[in-house]
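Scroll down for the structure; my scribbles are underneath it.
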Amino acid sequence: MSDHSTLTELSFTVSGHVSRPTAETYEAVADPDQLSQYFTTGGARGRLESGADVTWDFADFPGAFPVTVVAAEQPHRIVIEWAGTATTSESGTTTTTFEFEPVDDDTRTRVTITESSWQPTNEGATSAFGNCQGWTGMLAALKVWVEHGINLRDGFYK
């Protein structure tokens, strides 16, 4: 029997392992000074805490992006909203969830990033795939930053 359900929204999930404890890995995302070293290379303003409005700036993409922190449950989960293209939300935002799971007696952390709320259209797919690439790069950059102190993003996009 075939499934006749209609696709109503696009989303994706990416994940990877960081060889550092959960609290340290969470802090590398929540702390704007650390985030600015490997991801928001134009600067992050504001800590990722519940209810906070912060700004992310990227040296290799124009403009600063406002980010709203929907929830922050240290050291396990951060949920943010930010503007997207061709989204399904009335506010024109997408929702991104970072989950931090201890692995191997908390010597490693499984980081999972899920983003959702794009229209199932060509424009929505283009936006979702672009962000999927961005979050995959962020995970790789997070890993090499916290494990080795290397800024992987430097010169990657430009």
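Labeling convention for the structure tokens: chains A, B, ... as they appear, residues from 1 per chain, ligands from 1 in order of appearance.
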
Under the rule of at most 10 Å, produce a per-residue listing of region 36-81 of chain A near region 102-116 of chain A: chain, number, name, the closest pair of atoms, and the distance in Å, as CSV, using only C-alpha atoms.
```
residue,atom,partner,partner_atom,distance
A:Pro75,CA,A:Pro102,CA,9.7
A:His76,CA,A:Pro102,CA,8.8
A:Arg77,CA,A:Thr112,CA,9.5
A:Ile78,CA,A:Ile113,CA,9.6
A:Val79,CA,A:Thr114,CA,9.4
A:Ile80,CA,A:Glu115,CA,9.4
A:Glu81,CA,A:Glu115,CA,9.3
```

Taking N, CA, C and O atoms for each residue, export the selection above as a compact mmCIF listing (two decimals), in the first residue's frame.
```txt
# COMPACT_ATOMS: atom_id res chain seq x y z
N PRO A 75 23.18 21.24 31.23
CA PRO A 75 24.00 21.23 30.02
C PRO A 75 23.42 20.34 28.91
O PRO A 75 24.18 19.74 28.16
N HIS A 76 22.10 20.26 28.81
CA HIS A 76 21.50 19.27 27.93
C HIS A 76 20.86 19.79 26.65
O HIS A 76 20.83 19.07 25.65
N ARG A 77 20.33 21.02 26.66
CA ARG A 77 19.49 21.42 25.52
C ARG A 77 19.43 22.94 25.40
O ARG A 77 19.31 23.64 26.40
N ILE A 78 19.48 23.42 24.15
CA ILE A 78 19.26 24.83 23.83
C ILE A 78 18.32 24.87 22.63
O ILE A 78 18.53 24.14 21.65
N VAL A 79 17.29 25.71 22.70
CA VAL A 79 16.35 25.87 21.59
C VAL A 79 16.34 27.34 21.21
O VAL A 79 16.15 28.21 22.07
N ILE A 80 16.57 27.62 19.91
CA ILE A 80 16.58 29.00 19.43
C ILE A 80 15.61 29.15 18.26
O ILE A 80 15.25 28.17 17.61
N GLU A 81 15.21 30.39 18.02
CA GLU A 81 14.47 30.74 16.81
C GLU A 81 15.23 31.87 16.13
O GLU A 81 15.77 32.76 16.80
```

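Here CA of Ala141 (chain A) is placed at a distance of 6.0 Å from CA of Tyr38 (chain A).
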
If DSSP is run on the backbone, what residues of chain A are helix (DSSP H, G or I)? A reply as a ChimeraX atom specification would be ideal.
/A:22-30,32-38,122-148

Taking 5 positions as the minimum chain separation for residues in the same chain, which residues sit within 8 Å of region 123-132 of chain A when counting only C-alpha atoms? Answer as JSON, numbers by chain.
{"A": [10, 11, 12, 13, 14, 84, 85, 86, 87, 118]}
